[in-house]
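Engineer: Input file: input_22.csv. Contents: CSV, C-alpha atoms.
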```
chain,number,residue,atom,x,y,z
O,7,MET,CA,-7.6,100.6,-101.1
O,8,ILE,CA,-5.2,98.5,-99.1
O,9,ARG,CA,-8.0,96.1,-98.2
O,10,LEU,CA,-9.1,95.9,-101.8
O,11,ALA,CA,-5.6,95.2,-103.0
O,12,ILE,CA,-4.9,92.4,-100.5
O,13,LYS,CA,-8.3,90.8,-101.1
O,14,ASN,CA,-7.9,91.0,-104.9
O,15,LEU,CA,-4.4,89.4,-104.6
O,16,PHE,CA,-5.4,86.5,-102.4
O,17,GLN,CA,-8.7,85.8,-104.2
O,18,GLU,CA,-7.0,83.6,-106.7
O,19,ARG,CA,-4.2,81.8,-104.8
O,20,GLY,CA,-3.0,79.9,-107.8
O,21,ARG,CA,-2.3,83.1,-109.6
O,22,LEU,CA,-0.6,84.6,-106.6
O,23,LEU,CA,1.6,81.6,-106.1
O,24,PHE,CA,2.6,81.7,-109.8
O,25,SER,CA,3.6,85.4,-109.4
O,26,LEU,CA,5.5,84.8,-106.1
O,27,GLY,CA,7.2,81.8,-107.5
O,28,GLY,CA,8.4,83.7,-110.6
O,29,VAL,CA,9.7,86.6,-108.6
O,30,ALA,CA,11.3,84.5,-105.9
O,31,ALA,CA,13.0,82.1,-108.4
O,32,ALA,CA,14.5,85.1,-110.3
O,33,LEU,CA,15.8,86.8,-107.2
O,34,LEU,CA,17.2,83.6,-105.8
O,35,LEU,CA,19.1,83.0,-109.0
O,36,ILE,CA,20.6,86.5,-108.7
O,37,LEU,CA,21.4,86.1,-105.0
O,38,ILE,CA,23.1,82.7,-105.4
O,39,LEU,CA,25.3,83.9,-108.3
O,40,GLU,CA,26.2,87.1,-106.4
O,41,GLY,CA,26.8,85.0,-103.3
O,42,VAL,CA,29.2,82.7,-105.2
O,43,PHE,CA,31.1,85.7,-106.6
O,44,VAL,CA,31.5,87.5,-103.2
O,45,GLY,CA,32.2,84.2,-101.4
O,46,THR,CA,34.9,83.2,-103.9
O,47,SER,CA,36.5,86.7,-103.7
O,48,GLU,CA,36.7,86.4,-99.9
O,49,GLN,CA,38.1,82.9,-100.1
O,50,ILE,CA,40.9,84.1,-102.3
O,51,VAL,CA,42.0,86.7,-99.7
O,52,THR,CA,41.8,84.2,-96.8
O,53,TYR,CA,45.5,83.9,-96.4
O,54,PRO,CA,46.4,87.6,-95.9
O,55,GLN,CA,43.4,87.9,-93.6
O,56,LYS,CA,44.5,84.9,-91.5
O,57,ALA,CA,48.3,85.2,-91.6
O,58,ASP,CA,48.2,87.3,-88.3
O,59,ALA,CA,50.1,90.3,-89.6
O,60,ASP,CA,49.4,94.0,-88.9
O,61,VAL,CA,51.6,95.2,-91.7
O,62,TRP,CA,52.9,93.4,-94.9
O,63,VAL,CA,56.3,94.3,-96.3
O,64,MET,CA,57.1,93.3,-99.9
O,65,GLN,CA,59.1,94.3,-103.0
O,66,GLU,CA,58.6,97.8,-104.2
O,67,GLY,CA,55.9,97.9,-106.9
O,68,VAL,CA,54.0,94.9,-105.4
O,69,SER,CA,50.8,95.5,-103.5
O,70,ASN,CA,49.1,92.0,-103.4
O,71,MET,CA,49.6,88.3,-103.4
O,72,HIS,CA,47.2,87.0,-106.1
O,73,MET,CA,49.3,86.3,-109.2
O,74,ALA,CA,52.1,88.4,-107.8
O,75,THR,CA,55.9,87.8,-107.3
O,76,SER,CA,58.0,89.5,-104.6
O,77,PHE,CA,61.6,88.9,-103.6
O,78,LEU,CA,63.6,90.8,-101.0
O,79,PRO,CA,66.8,90.0,-99.1
O,80,GLY,CA,66.0,87.7,-96.2
O,81,ASN,CA,68.1,89.6,-93.7
O,82,LEU,CA,65.8,92.6,-94.2
O,83,ASP,CA,63.9,91.5,-91.1
O,84,GLU,CA,66.7,93.1,-89.0
O,85,ALA,CA,66.1,96.5,-90.5
O,86,ILE,CA,62.4,96.2,-90.2
O,87,SER,CA,62.7,95.1,-86.5
O,88,ALA,CA,64.7,98.2,-85.8
O,89,VAL,CA,61.9,100.5,-86.8
O,90,PRO,CA,60.3,102.0,-83.7
O,91,GLY,CA,56.9,100.5,-83.0
O,92,VAL,CA,57.6,97.1,-84.6
O,93,LYS,CA,57.1,94.2,-82.3
O,94,GLU,CA,57.9,91.1,-84.4
O,95,VAL,CA,58.8,90.2,-88.0
O,96,THR,CA,58.3,86.9,-89.7
O,97,ALA,CA,59.6,86.2,-93.2
O,98,ILE,CA,57.8,83.8,-95.6
O,99,LEU,CA,58.7,82.6,-99.1
O,100,TYR,CA,55.8,82.5,-101.6
O,101,VAL,CA,55.2,81.5,-105.2
O,102,ASN,CA,52.1,80.9,-107.4
O,103,ASN,CA,52.4,77.4,-108.9
O,104,PHE,CA,50.8,74.0,-109.3
O,105,VAL,CA,50.5,71.0,-107.0
O,106,LYS,CA,50.5,67.9,-109.1
O,107,ILE,CA,48.4,65.0,-107.7
O,108,GLY,CA,48.4,62.0,-110.0
O,109,GLY,CA,48.0,63.3,-113.5
O,110,GLU,CA,46.1,66.4,-112.5
O,111,LYS,CA,47.5,69.9,-111.6
O,112,TRP,CA,45.9,72.2,-109.1
O,113,PHE,CA,46.8,75.9,-108.9
O,114,SER,CA,48.0,76.9,-105.5
O,115,TYR,CA,49.6,79.6,-103.3
O,116,ILE,CA,52.7,77.8,-102.1
O,117,VAL,CA,54.1,79.3,-98.9
O,118,GLY,CA,57.5,78.5,-97.3
O,119,LEU,CA,57.5,78.6,-93.5
O,120,LYS,CA,60.6,79.0,-91.3
O,121,GLU,CA,61.1,76.5,-88.5
O,122,ASN,CA,59.1,77.4,-85.3
O,123,THR,CA,57.5,80.3,-87.0
O,124,ALA,CA,54.7,82.0,-85.0
O,125,ARG,CA,52.6,83.1,-87.9
O,126,GLY,CA,52.0,82.6,-91.6
O,127,GLY,CA,51.1,78.9,-91.4
O,128,PRO,CA,47.8,77.1,-91.4
O,129,TRP,CA,45.3,78.4,-88.9
O,130,GLU,CA,43.2,75.2,-88.6
O,131,ILE,CA,44.3,71.6,-89.1
O,132,ALA,CA,41.9,68.8,-90.1
O,133,GLU,CA,44.5,66.0,-89.8
O,134,GLY,CA,48.1,65.5,-89.1
O,135,THR,CA,50.6,68.3,-88.2
O,136,GLY,CA,50.4,72.0,-88.8
O,137,LYS,CA,54.2,72.4,-89.2
O,138,PRO,CA,55.8,70.8,-92.2
O,139,GLY,CA,59.2,69.1,-91.9
O,140,PRO,CA,61.8,68.7,-94.6
O,141,GLY,CA,60.3,67.0,-97.6
O,142,GLU,CA,56.8,67.4,-96.2
O,143,VAL,CA,53.8,69.4,-97.3
O,144,ILE,CA,50.5,70.6,-95.8
O,145,LEU,CA,47.6,70.4,-98.2
O,146,SER,CA,44.1,71.8,-98.1
O,147,ASP,CA,41.8,69.0,-96.9
O,148,ILE,CA,39.4,69.7,-99.8
O,149,LEU,CA,42.2,69.5,-102.4
O,150,ALA,CA,43.4,66.2,-100.8
O,151,ARG,CA,39.9,64.8,-101.1
O,152,LYS,CA,39.5,66.0,-104.7
O,153,GLY,CA,42.9,64.4,-105.5
O,154,ASP,CA,42.2,61.3,-103.5
O,155,VAL,CA,45.3,61.6,-101.3
O,156,GLY,CA,45.8,61.4,-97.6
O,157,LEU,CA,48.5,61.6,-94.9
O,158,GLY,CA,51.7,59.8,-96.1
O,159,ASP,CA,50.8,60.0,-99.8
O,160,SER,CA,53.0,61.9,-102.3
O,161,VAL,CA,52.4,65.0,-104.4
O,162,THR,CA,54.6,66.9,-106.8
O,163,ILE,CA,55.6,70.5,-106.6
O,164,LEU,CA,58.0,72.1,-109.1
O,165,ASN,CA,59.1,68.6,-110.2
O,166,ARG,CA,59.9,67.4,-106.7
O,167,GLN,CA,57.9,64.9,-104.6
O,168,PHE,CA,56.7,65.8,-101.1
O,169,ARG,CA,55.0,63.7,-98.5
O,170,VAL,CA,51.6,64.9,-97.2
O,171,ALA,CA,52.1,65.5,-93.4
O,172,GLY,CA,49.0,67.5,-92.7
O,173,LEU,CA,45.6,68.6,-94.0
O,174,SER,CA,44.5,72.2,-93.3
O,175,LYS,CA,41.0,73.6,-93.2
O,176,GLY,CA,39.7,76.8,-94.8
O,177,THR,CA,42.5,76.9,-97.4
O,178,PHE,CA,40.7,76.1,-100.6
O,179,SER,CA,38.7,78.2,-103.1
O,180,MET,CA,37.4,77.5,-106.6
O,181,VAL,CA,40.4,79.6,-107.9
O,182,ASN,CA,43.3,78.4,-105.7
O,183,SER,CA,44.3,76.5,-102.7
O,184,ILE,CA,47.1,77.2,-100.1
O,185,THR,CA,50.0,74.8,-99.7
O,186,PHE,CA,52.7,74.9,-97.0
O,187,LEU,CA,56.3,73.7,-97.2
O,188,THR,CA,59.4,74.4,-95.2
O,189,TYR,CA,61.2,77.6,-96.0
O,190,ALA,CA,64.3,75.7,-96.8
O,191,ASP,CA,62.5,73.4,-99.3
O,192,LEU,CA,60.8,76.2,-101.2
O,193,GLU,CA,64.1,78.2,-101.1
O,194,ALA,CA,65.8,75.2,-102.8
O,195,LEU,CA,63.0,74.8,-105.3
O,196,LEU,CA,63.1,78.5,-106.3
O,197,SER,CA,66.9,78.6,-106.2
O,198,THR,CA,66.7,81.8,-104.1
O,199,PRO,CA,69.0,81.3,-101.2
O,200,GLY,CA,68.8,84.1,-98.6
O,201,ALA,CA,65.6,85.6,-100.1
O,202,ALA,CA,62.2,86.3,-98.7
O,203,SER,CA,58.9,87.2,-100.4
O,204,TYR,CA,57.0,88.9,-97.7
O,205,PHE,CA,57.6,90.0,-94.1
O,206,LEU,CA,54.7,89.7,-91.7
O,207,VAL,CA,55.0,92.5,-89.2
O,208,THR,CA,53.2,92.8,-85.9
O,209,VAL,CA,53.2,96.2,-84.2
O,210,GLU,CA,53.4,97.3,-80.6
O,211,PRO,CA,50.1,97.8,-78.8
O,212,GLY,CA,48.7,101.2,-79.4
O,213,SER,CA,50.5,101.6,-82.7
O,214,SER,CA,48.5,102.2,-85.9
O,215,PRO,CA,49.2,99.7,-88.7
O,216,GLU,CA,48.7,102.5,-91.3
O,217,THR,CA,51.2,104.7,-89.4
O,218,MET,CA,53.7,101.9,-89.1
O,219,ALA,CA,53.4,101.0,-92.8
O,220,GLU,CA,54.2,104.6,-93.7
O,221,ARG,CA,57.1,104.7,-91.2
O,222,ILE,CA,58.6,101.4,-92.6
O,223,ARG,CA,58.3,102.8,-96.2
O,224,GLN,CA,60.1,106.0,-95.2
O,225,THR,CA,62.8,104.2,-93.2
O,226,ILE,CA,63.7,101.4,-95.6
O,227,PRO,CA,64.3,102.1,-99.3
O,228,GLY,CA,63.2,99.8,-102.2
O,229,ILE,CA,60.3,98.2,-100.4
O,230,ASN,CA,56.5,98.6,-100.1
O,231,ALA,CA,54.7,98.3,-96.8
O,232,MET,CA,50.9,98.2,-96.4
O,233,SER,CA,48.6,97.7,-93.4
O,234,LYS,CA,46.7,94.4,-93.4
O,235,ASP,CA,43.4,96.1,-94.3
O,236,ALA,CA,45.0,97.9,-97.3
O,237,PHE,CA,46.8,94.8,-98.4
O,238,VAL,CA,43.7,92.6,-98.2
O,239,ALA,CA,41.6,95.2,-100.1
O,240,SER,CA,44.3,95.4,-102.8
O,241,ASP,CA,44.5,91.6,-103.1
O,242,ARG,CA,40.7,91.3,-103.3
O,243,SER,CA,40.6,93.9,-106.1
O,244,MET,CA,43.2,92.1,-108.1
O,245,ALA,CA,41.5,88.7,-107.5
O,246,ARG,CA,38.2,90.1,-108.7
O,247,GLN,CA,39.8,91.5,-111.8
O,248,MET,CA,41.7,88.3,-112.7
O,249,GLY,CA,40.4,85.2,-111.1
O,250,THR,CA,36.7,85.7,-110.9
O,251,ASP,CA,35.8,87.3,-114.2
O,252,ILE,CA,33.8,84.3,-115.3
O,253,ILE,CA,31.8,84.3,-112.1
O,254,ARG,CA,31.2,88.0,-112.5
O,255,VAL,CA,29.9,87.5,-116.1
O,256,MET,CA,27.7,84.7,-114.8
O,257,THR,CA,26.3,87.0,-112.2
O,258,LEU,CA,25.6,89.7,-114.7
O,259,VAL,CA,23.9,87.2,-117.0
O,260,GLY,CA,21.9,85.9,-114.0
O,261,PHE,CA,20.8,89.4,-113.2
O,262,VAL,CA,19.6,90.1,-116.7
O,263,VAL,CA,17.7,86.8,-116.8
O,264,GLY,CA,16.3,87.4,-113.4
O,265,ALA,CA,15.2,91.0,-114.4
O,266,LEU,CA,13.5,89.6,-117.5
O,267,VAL,CA,11.7,86.9,-115.4
O,268,ILE,CA,10.5,89.5,-112.8
O,269,GLY,CA,9.4,91.9,-115.5
O,270,LEU,CA,7.5,89.2,-117.4
O,271,THR,CA,6.0,87.8,-114.3
O,272,MET,CA,4.6,91.2,-113.1
O,273,TYR,CA,3.5,92.1,-116.6
O,274,THR,CA,1.6,88.9,-117.0
O,275,ALA,CA,0.1,89.2,-113.5
O,276,THR,CA,-1.2,92.7,-114.3
O,277,VAL,CA,-2.5,91.7,-117.7
O,278,ARG,CA,-4.4,88.8,-116.2
O,279,ARG,CA,-6.2,91.3,-113.8
O,280,ALA,CA,-6.9,93.7,-116.6
O,281,LYS,CA,-10.7,93.1,-116.7
O,282,GLU,CA,-10.9,93.5,-112.9
O,283,TYR,CA,-9.1,96.8,-113.1
O,284,GLY,CA,-11.4,97.8,-115.9
O,285,ILE,CA,-14.4,97.1,-113.8
O,286,ILE,CA,-13.0,99.1,-111.0
O,287,LYS,CA,-12.5,102.0,-113.3
O,288,ALA,CA,-16.0,101.6,-114.8
O,289,LEU,CA,-17.4,101.9,-111.3
O,290,GLY,CA,-15.9,105.3,-111.0
O,291,ALA,CA,-12.4,104.9,-109.8
O,292,LYS,CA,-10.0,107.6,-110.8
O,293,ASN,CA,-6.9,106.7,-112.9
O,294,ARG,CA,-4.6,107.6,-110.1
O,295,TYR,CA,-6.5,105.3,-107.8
O,296,LEU,CA,-6.2,102.5,-110.3
O,297,LEU,CA,-2.4,103.0,-110.8
O,298,ALA,CA,-1.9,103.2,-107.0
O,299,LEU,CA,-3.8,99.9,-106.6
O,300,VAL,CA,-1.6,98.2,-109.2
O,301,MET,CA,1.5,99.6,-107.5
O,302,LEU,CA,0.4,98.4,-104.1
O,303,GLN,CA,-0.3,94.9,-105.4
O,304,THR,CA,3.1,94.8,-107.2
O,305,LEU,CA,4.9,95.9,-104.1
O,306,VAL,CA,3.3,93.2,-102.0
O,307,ILE,CA,4.3,90.5,-104.5
O,308,ALA,CA,7.8,91.9,-104.9
O,309,PHE,CA,8.4,92.1,-101.1
O,310,LEU,CA,7.0,88.7,-100.5
O,311,GLY,CA,9.1,87.3,-103.4
O,312,LEU,CA,12.2,89.0,-102.1
O,313,GLY,CA,11.6,87.6,-98.6
O,314,ILE,CA,11.2,84.1,-99.9
O,315,ALA,CA,14.3,84.4,-102.0
O,316,ILE,CA,16.4,85.7,-99.1
O,317,ALA,CA,15.2,82.9,-96.8
O,318,LEU,CA,16.1,80.3,-99.5
O,319,ALA,CA,19.4,82.0,-100.2
O,320,TYR,CA,20.5,81.8,-96.5
O,321,LEU,CA,19.3,78.2,-96.4
O,322,ALA,CA,21.5,77.5,-99.5
O,323,GLN,CA,24.4,79.1,-97.6
O,324,ILE,CA,24.1,76.2,-95.1
O,325,VAL,CA,23.2,73.4,-97.5
O,326,ILE,CA,25.5,74.0,-100.5
O,327,PRO,CA,28.8,74.2,-98.6
O,328,ALA,CA,27.8,71.0,-96.7
O,329,ILE,CA,27.4,69.2,-100.1
O,330,ALA,CA,30.2,71.0,-101.9
O,331,PRO,CA,32.7,72.6,-99.4
O,332,GLU,CA,34.7,74.3,-102.2
O,333,ILE,CA,31.7,76.6,-102.9
O,334,ALA,CA,31.4,79.6,-100.5
O,335,LEU,CA,28.4,81.8,-100.4
O,336,ALA,CA,28.3,85.4,-98.9
O,337,TYR,CA,25.6,87.9,-99.1
O,338,PRO,CA,26.6,91.5,-98.2
O,339,VAL,CA,23.7,93.5,-96.8
O,340,GLY,CA,24.4,96.3,-99.3
O,341,SER,CA,24.0,93.8,-102.2
O,342,ILE,CA,20.7,92.6,-100.9
O,343,ILE,CA,19.4,96.2,-100.5
O,344,LYS,CA,20.5,97.1,-104.0
O,345,LEU,CA,18.9,93.9,-105.4
O,346,GLY,CA,15.7,94.6,-103.5
O,347,LEU,CA,15.5,98.2,-104.9
O,348,ALA,CA,16.3,97.1,-108.4
O,349,SER,CA,13.7,94.3,-108.3
O,350,LEU,CA,11.1,96.7,-107.1
O,351,ILE,CA,11.8,99.2,-109.8
O,352,ILE,CA,11.7,96.5,-112.5
O,353,ALA,CA,8.5,95.0,-111.1
O,354,LEU,CA,6.8,98.4,-110.9
O,355,ILE,CA,7.7,99.3,-114.5
O,356,ALA,CA,6.6,96.0,-115.8
O,357,ALA,CA,3.2,96.2,-113.9
O,358,LEU,CA,2.5,99.9,-114.7
O,359,LEU,CA,2.9,99.5,-118.5
O,360,PRO,CA,-0.2,97.4,-118.9
O,361,ALA,CA,-2.0,99.3,-116.1
O,362,TYR,CA,-1.4,102.6,-118.0
O,363,ARG,CA,-3.1,101.0,-121.1
O,364,ILE,CA,-6.1,100.2,-118.9
O,365,THR,CA,-6.4,103.8,-117.8
O,366,ARG,CA,-6.8,104.8,-121.5
O,367,VAL,CA,-9.7,102.4,-122.1
O,368,GLU,CA,-13.2,103.7,-122.0
O,369,PRO,CA,-15.0,102.4,-118.9
O,370,GLY,CA,-18.0,101.1,-120.8
O,371,ILE,CA,-16.0,98.7,-123.0
O,372,VAL,CA,-15.4,96.3,-120.1
O,373,PHE,CA,-19.1,95.5,-120.0
O,374,LYS,CA,-19.4,94.6,-123.7
O,375,GLY,CA,-19.3,91.1,-125.0
```
Take the structure I supplied and represent it as structure tokens, if you would.

Structural biologist:
Amino acid sequence: MIRLAIKNLFQERGRLLFSLGGVAAALLLILILEGVFVGTSEQIVTYPQKADADVWVMQEGVSNMHMATSFLPGNLDEAISAVPGVKEVTAILYVNNFVKIGGEKWFSYIVGLKENTARGGPWEIAEGTGKPGPGEVILSDILARKGDVGLGDSVTILNRQFRVAGLSKGTFSMVNSITFLTYADLEALLSTPGAASYFLVTVEPGSSPETMAERIRQTIPGINAMSKDAFVASDRSMARQMGTDIIRVMTLVGFVVGALVIGLTMYTATVRRAKEYGIIKALGAKNRYLLALVMLQTLVIAFLGLGIAIALAYLAQIVIPAIAPEIALAYPVGSIIKLGLASLIIALIAALLPAYRITRVEPGIVFKG
């Protein structure tokens, strides 16, 4: 049966290519849209992932950065440092706002860094300095390119002009960018002298971030403390709920369209072979044999189409960011497996519907006319 199925498939290569093209194109559409959704979600949580903190301390009731506000006394770092197991504490100021470049506004995470801070700043610099001075700003290199500004140019934040002193890499997403100022400058802009938004805590070797977060919460009232992994997960969840809804809708629409294309392709491919299946039945094949033949051919097309789609999707992961660096693509293995299973089920259902009709046809009819 396997030999017959393969021979029948490759007998008409044009028909096979049509089927493979339809399935691969549909799956590629779904993979790309899902890749954009996951990639954008990961871009949004880049800062808490890269800020080099084992534990995040923030205002009570706050559990993320995306669209969040947190203010605590700046001298709280002394109390945190006194908790057994804490190695180092770094305070940052933070606000969600806009960077105005020319006449256009860009939403950004604006982070205030203390002088000579060891963490919390840009992790990779494309040009210029990685430490802003008074009246200076470090912009995302992609944002600078989009706004057509460079080192020495001016941008406006909260109605005050800043000179671009550095361009950072990996700090831009389709939802937001990350912009760095001095702690003192952001403190003055927000009129919050002596305040801090988050404390980035590193723990002693051998200490568990989860255990230390719990210890800090129990020791210091009126705050929240979370391990890096928990904080990133919470921020990712909030970002997906708020900032990537449109992309999620596009992904769902893409899946529906892709499912319809796969279903129509496999249905059409089976219908086109209806007479061949009818002849096989007329020659004495049992219905179960006929259905197994259809299923086998469908699985071959679905697997080949999925393989082509995955190969093209990973090629797009290289090509698209090179053309449009603001677009990030990520394909979790779990998503690919789920997509593969879903596509196989859709393809089998679409192929077996016409095949079932063939099993109900009298064998002699295929020789008439």

Engineer: Starting from the point (54.6, 76.7, -85.4), work out which residues of protein, DNA or RNA have an atom no more than 12 Å away when counting all atoms listed in the file; state them as an NGL selection string.

Structural biologist: :O and (96 or 119-130 or 135-139 or 186 or 188)

Engineer: Near Ala334 in chain O, counting all atoms listed in the file, which residues have an atom at most 12 Å away, once you skip same-chain residues fewer than 2 positions from it, shown as a PyMOL selection string?

Structural biologist: chain O and resi 38-50+52+176-181+320+322-332+336-337

Engineer: Between CA of Asp241 in chain O and CA of Asn70 in chain O, what is the spacing in Å?

Structural biologist: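 Atom-to-atom, CA of Asn70 in chain O to CA of Asp241 in chain O, that is 4.6 Å.
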
Engineer: If you measure from CA of Gly340 in chain O to CA of Leu37 in chain O, what distance in Å do you get, rounded to one decimal?

Structural biologist: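 Rounded to one decimal, the two atoms are 12.1 Å apart.
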
Engineer: I need the residue nearest Ala317 in chain O from this list: O:Ile98, O:Ala219, O:Leu196, O:Ile342. Use all atoms listed in the file for the distance.

Structural biologist: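 Smallest separation from Ala317 in chain O among the options: O:Ile342.
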
Engineer: May I ask which of the residues O:Phe168, O:Ser233, O:Leu22, O:Val263 is the closest one to Thr208 in chain O, counting all atoms listed in the file?

Structural biologist: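 The closest residue to Thr208 in chain O is O:Ser233.
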
Engineer: In Å to one decimal, how far is CA of Leu23 in chain O from CA of Ile36 in chain O?

Structural biologist: 19.8 Å

Engineer: Pick from O:Met232, O:Gly91, O:Leu145, O:Ala31: nearest to Val68 in chain O, with only C-alpha atoms counted?

Structural biologist: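 With only C-alpha atoms as the atom set, the closest residue is O:Met232.
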